[in-house]
Amino acid sequence: MIKLNCWEMKQCGRGPDRNDTKDIGVCPAATDISSNGINGGRNAGRICWDVLHTLCDGKAQNNSSQKAVSCVSCDVFNRVRAEEGIGNFSLLKMFRNSQSIDWVHDAAVECDIEVKLPGSPYKLRVDNSTGEFVKDKSRR
């Protein structure tokens, strides 16, 4: 299986090999060499949701709150997550060098992760049974 990077999936023309950068330039995900190899991508091409200032739907995502809402419904995010599988998928760059936790599969472990974004009626959480992101419209 060929693993495409975000600029290849979106065909935005902002990849690292772009020659004409006069208008909006090369994407920060395409130049983030510290993320090279994460989720099998070139630079941050398969972890673009963890890179600020990327263009999503034509708008720069300049803070983590904006990215959290738009990225969970993004085709790139969901495709990479499906291709990598729950055991290999890296959600954040900071977990890149984490030790393997294969032993978790043999234990009864539950993890509740919720994110409440300031000024947003939405709460994001990871469903324990499926590992899927769920967007709830509830206030806490």
# chains A, B, ... in the order shown; residues from 1 in each chain; ligands from 1

$ residues_around --residues "Met94 of chain A" --least-positions-apart "6" --cutoff "12 Å" --atoms "only C-alpha atoms" --output "PyMOL selection string"
chain A and resi 34-35+38+47+50-51

$ residues_around --residues "Arg79 of chain A" --least-positions-apart "5" --cutoff "12 Å" --atoms "only C-alpha atoms" --output "list in words"
Lys3, Leu4, Asn5, Cys6, Met9, Lys10, Asn39, Arg46, Ile47, Cys71, Val72, Ser73, Cys74, Glu84, Gly85 and Phe89 of chain A

$ write_last_selection --atoms "N, CA and C atoms" --output "PDB file, in the first residue's frame"
ATOM      1  N   LYS A   3       1.494   4.924   0.940  1.00  0.00           N
ATOM      2  CA  LYS A   3       0.987   5.869   1.932  1.00  0.00           C
ATOM      3  C   LYS A   3       1.167   7.285   1.404  1.00  0.00           C
ATOM      4  N   LEU A   4       0.059   7.938   1.138  1.00  0.00           N
ATOM      5  CA  LEU A   4       0.096   9.297   0.616  1.00  0.00           C
ATOM      6  C   LEU A   4       0.206  10.302   1.752  1.00  0.00           C
ATOM      7  N   ASN A   5       0.868  11.418   1.471  1.00  0.00           N
ATOM      8  CA  ASN A   5       0.944  12.527   2.407  1.00  0.00           C
ATOM      9  C   ASN A   5      -0.235  13.456   2.175  1.00  0.00           C
ATOM     10  N   CYS A   6      -0.488  14.345   3.132  1.00  0.00           N
ATOM     11  CA  CYS A   6      -1.667  15.207   3.052  1.00  0.00           C
ATOM     12  C   CYS A   6      -1.702  16.032   1.770  1.00  0.00           C
ATOM     13  N   MET A   9      -2.913  13.805  -0.958  1.00  0.00           N
ATOM     14  CA  MET A   9      -4.343  13.487  -0.846  1.00  0.00           C
ATOM     15  C   MET A   9      -5.200  14.688  -1.217  1.00  0.00           C
ATOM     16  N   LYS A  10      -4.842  15.852  -0.700  1.00  0.00           N
ATOM     17  CA  LYS A  10      -5.627  17.067  -0.932  1.00  0.00           C
ATOM     18  C   LYS A  10      -5.315  17.724  -2.275  1.00  0.00           C
ATOM     19  N   ASN A  39       3.704   7.976  11.199  1.00  0.00           N
ATOM     20  CA  ASN A  39       2.596   7.366  10.455  1.00  0.00           C
ATOM     21  C   ASN A  39       3.007   7.019   9.019  1.00  0.00           C
ATOM     22  N   ARG A  46       1.776  13.004   7.241  1.00  0.00           N
ATOM     23  CA  ARG A  46       0.758  12.089   7.760  1.00  0.00           C
ATOM     24  C   ARG A  46       0.506  12.339   9.247  1.00  0.00           C
ATOM     25  N   ILE A  47       0.846  13.561   9.686  1.00  0.00           N
ATOM     26  CA  ILE A  47       0.494  14.016  11.036  1.00  0.00           C
ATOM     27  C   ILE A  47       0.279  15.539  10.984  1.00  0.00           C
ATOM     28  N   CYS A  71      -9.963  18.950  12.178  1.00  0.00           N
ATOM     29  CA  CYS A  71      -9.189  17.768  11.793  1.00  0.00           C
ATOM     30  C   CYS A  71      -9.906  16.445  12.060  1.00  0.00           C
ATOM     31  N   VAL A  72     -10.737  16.372  13.092  1.00  0.00           N
ATOM     32  CA  VAL A  72     -11.401  15.090  13.362  1.00  0.00           C
ATOM     33  C   VAL A  72     -12.389  14.706  12.270  1.00  0.00           C
ATOM     34  N   SER A  73     -12.819  15.672  11.478  1.00  0.00           N
ATOM     35  CA  SER A  73     -13.719  15.348  10.371  1.00  0.00           C
ATOM     36  C   SER A  73     -13.001  15.392   9.020  1.00  0.00           C
ATOM     37  N   CYS A  74     -11.690  15.570   9.039  1.00  0.00           N
ATOM     38  CA  CYS A  74     -10.898  15.683   7.809  1.00  0.00           C
ATOM     39  C   CYS A  74     -10.646  14.312   7.183  1.00  0.00           C
ATOM     40  N   GLU A  84      -3.222   3.230   9.323  1.00  0.00           N
ATOM     41  CA  GLU A  84      -2.235   2.856  10.340  1.00  0.00           C
ATOM     42  C   GLU A  84      -2.803   1.846  11.335  1.00  0.00           C
ATOM     43  N   GLY A  85      -4.085   1.907  11.592  1.00  0.00           N
ATOM     44  CA  GLY A  85      -4.690   1.015  12.581  1.00  0.00           C
ATOM     45  C   GLY A  85      -4.475   1.537  13.988  1.00  0.00           C
ATOM     46  N   PHE A  89      -1.169   4.002  14.964  1.00  0.00           N
ATOM     47  CA  PHE A  89      -1.499   5.389  14.662  1.00  0.00           C
ATOM     48  C   PHE A  89      -0.921   6.330  15.715  1.00  0.00           C
TER      49      PHE A  89
END

$ closest_residue --among "A:Gly58, A:Gly13, A:Gly37, A:Gly25" --to "Lys93 of chain A" --atoms "only C-alpha atoms"
A:Gly37

$ residues_around --residues "Asn63 of chain A" --least-positions-apart "2" --cutoff "10 Å" --atoms "only C-alpha atoms" --output "ChimeraX atom specification"
/A:51-53,60-61,65-68

$ write_last_selection --atoms "N, CA and C atoms" --output "mmCIF file, in the first residue's frame"
data_model
loop_
_atom_site.group_PDB
_atom_site.id
_atom_site.type_symbol
_atom_site.label_atom_id
_atom_site.label_comp_id
_atom_site.auth_asym_id
_atom_site.auth_seq_id
_atom_site.Cartn_x
_atom_site.Cartn_y
_atom_site.Cartn_z
ATOM 1 N N VAL A 51 0.342 20.133 13.326
ATOM 2 C CA VAL A 51 1.203 21.217 12.852
ATOM 3 C C VAL A 51 0.334 22.462 12.662
ATOM 4 N N LEU A 52 0.700 23.544 13.333
ATOM 5 C CA LEU A 52 -0.057 24.789 13.202
ATOM 6 C C LEU A 52 0.207 25.456 11.857
ATOM 7 N N HIS A 53 -0.715 26.325 11.467
ATOM 8 C CA HIS A 53 -0.627 27.167 10.273
ATOM 9 C C HIS A 53 -0.801 26.405 8.958
ATOM 10 N N ALA A 60 -6.042 29.283 7.214
ATOM 11 C CA ALA A 60 -4.927 28.863 8.066
ATOM 12 C C ALA A 60 -5.464 28.499 9.446
ATOM 13 N N GLN A 61 -5.038 27.360 9.943
ATOM 14 C CA GLN A 61 -5.424 26.900 11.279
ATOM 15 C C GLN A 61 -4.296 27.298 12.225
ATOM 16 N N SER A 65 -7.132 24.737 19.012
ATOM 17 C CA SER A 65 -8.589 24.619 19.098
ATOM 18 C C SER A 65 -9.213 24.543 17.715
ATOM 19 N N GLN A 66 -8.761 25.404 16.809
ATOM 20 C CA GLN A 66 -9.277 25.376 15.437
ATOM 21 C C GLN A 66 -8.987 24.028 14.788
ATOM 22 N N LYS A 67 -7.778 23.540 14.971
ATOM 23 C CA LYS A 67 -7.377 22.284 14.336
ATOM 24 C C LYS A 67 -8.146 21.098 14.907
ATOM 25 N N ALA A 68 -8.378 21.083 16.207
ATOM 26 C CA ALA A 68 -9.071 19.949 16.827
ATOM 27 C C ALA A 68 -10.460 19.764 16.235
#

$ closest_residue --among "A:Thr54, A:Arg81, A:Asn88, A:Trp49" --to "Pro28 of chain A" --atoms "only C-alpha atoms"
A:Thr54

$ select_by_dssp --residues "segment 1-91 of chain A" --states "helix (DSSP H, G or I)" --output "ChimeraX atom specification"
/A:6-10,28-31,33-35,38-40,48-50,64-71,75-84
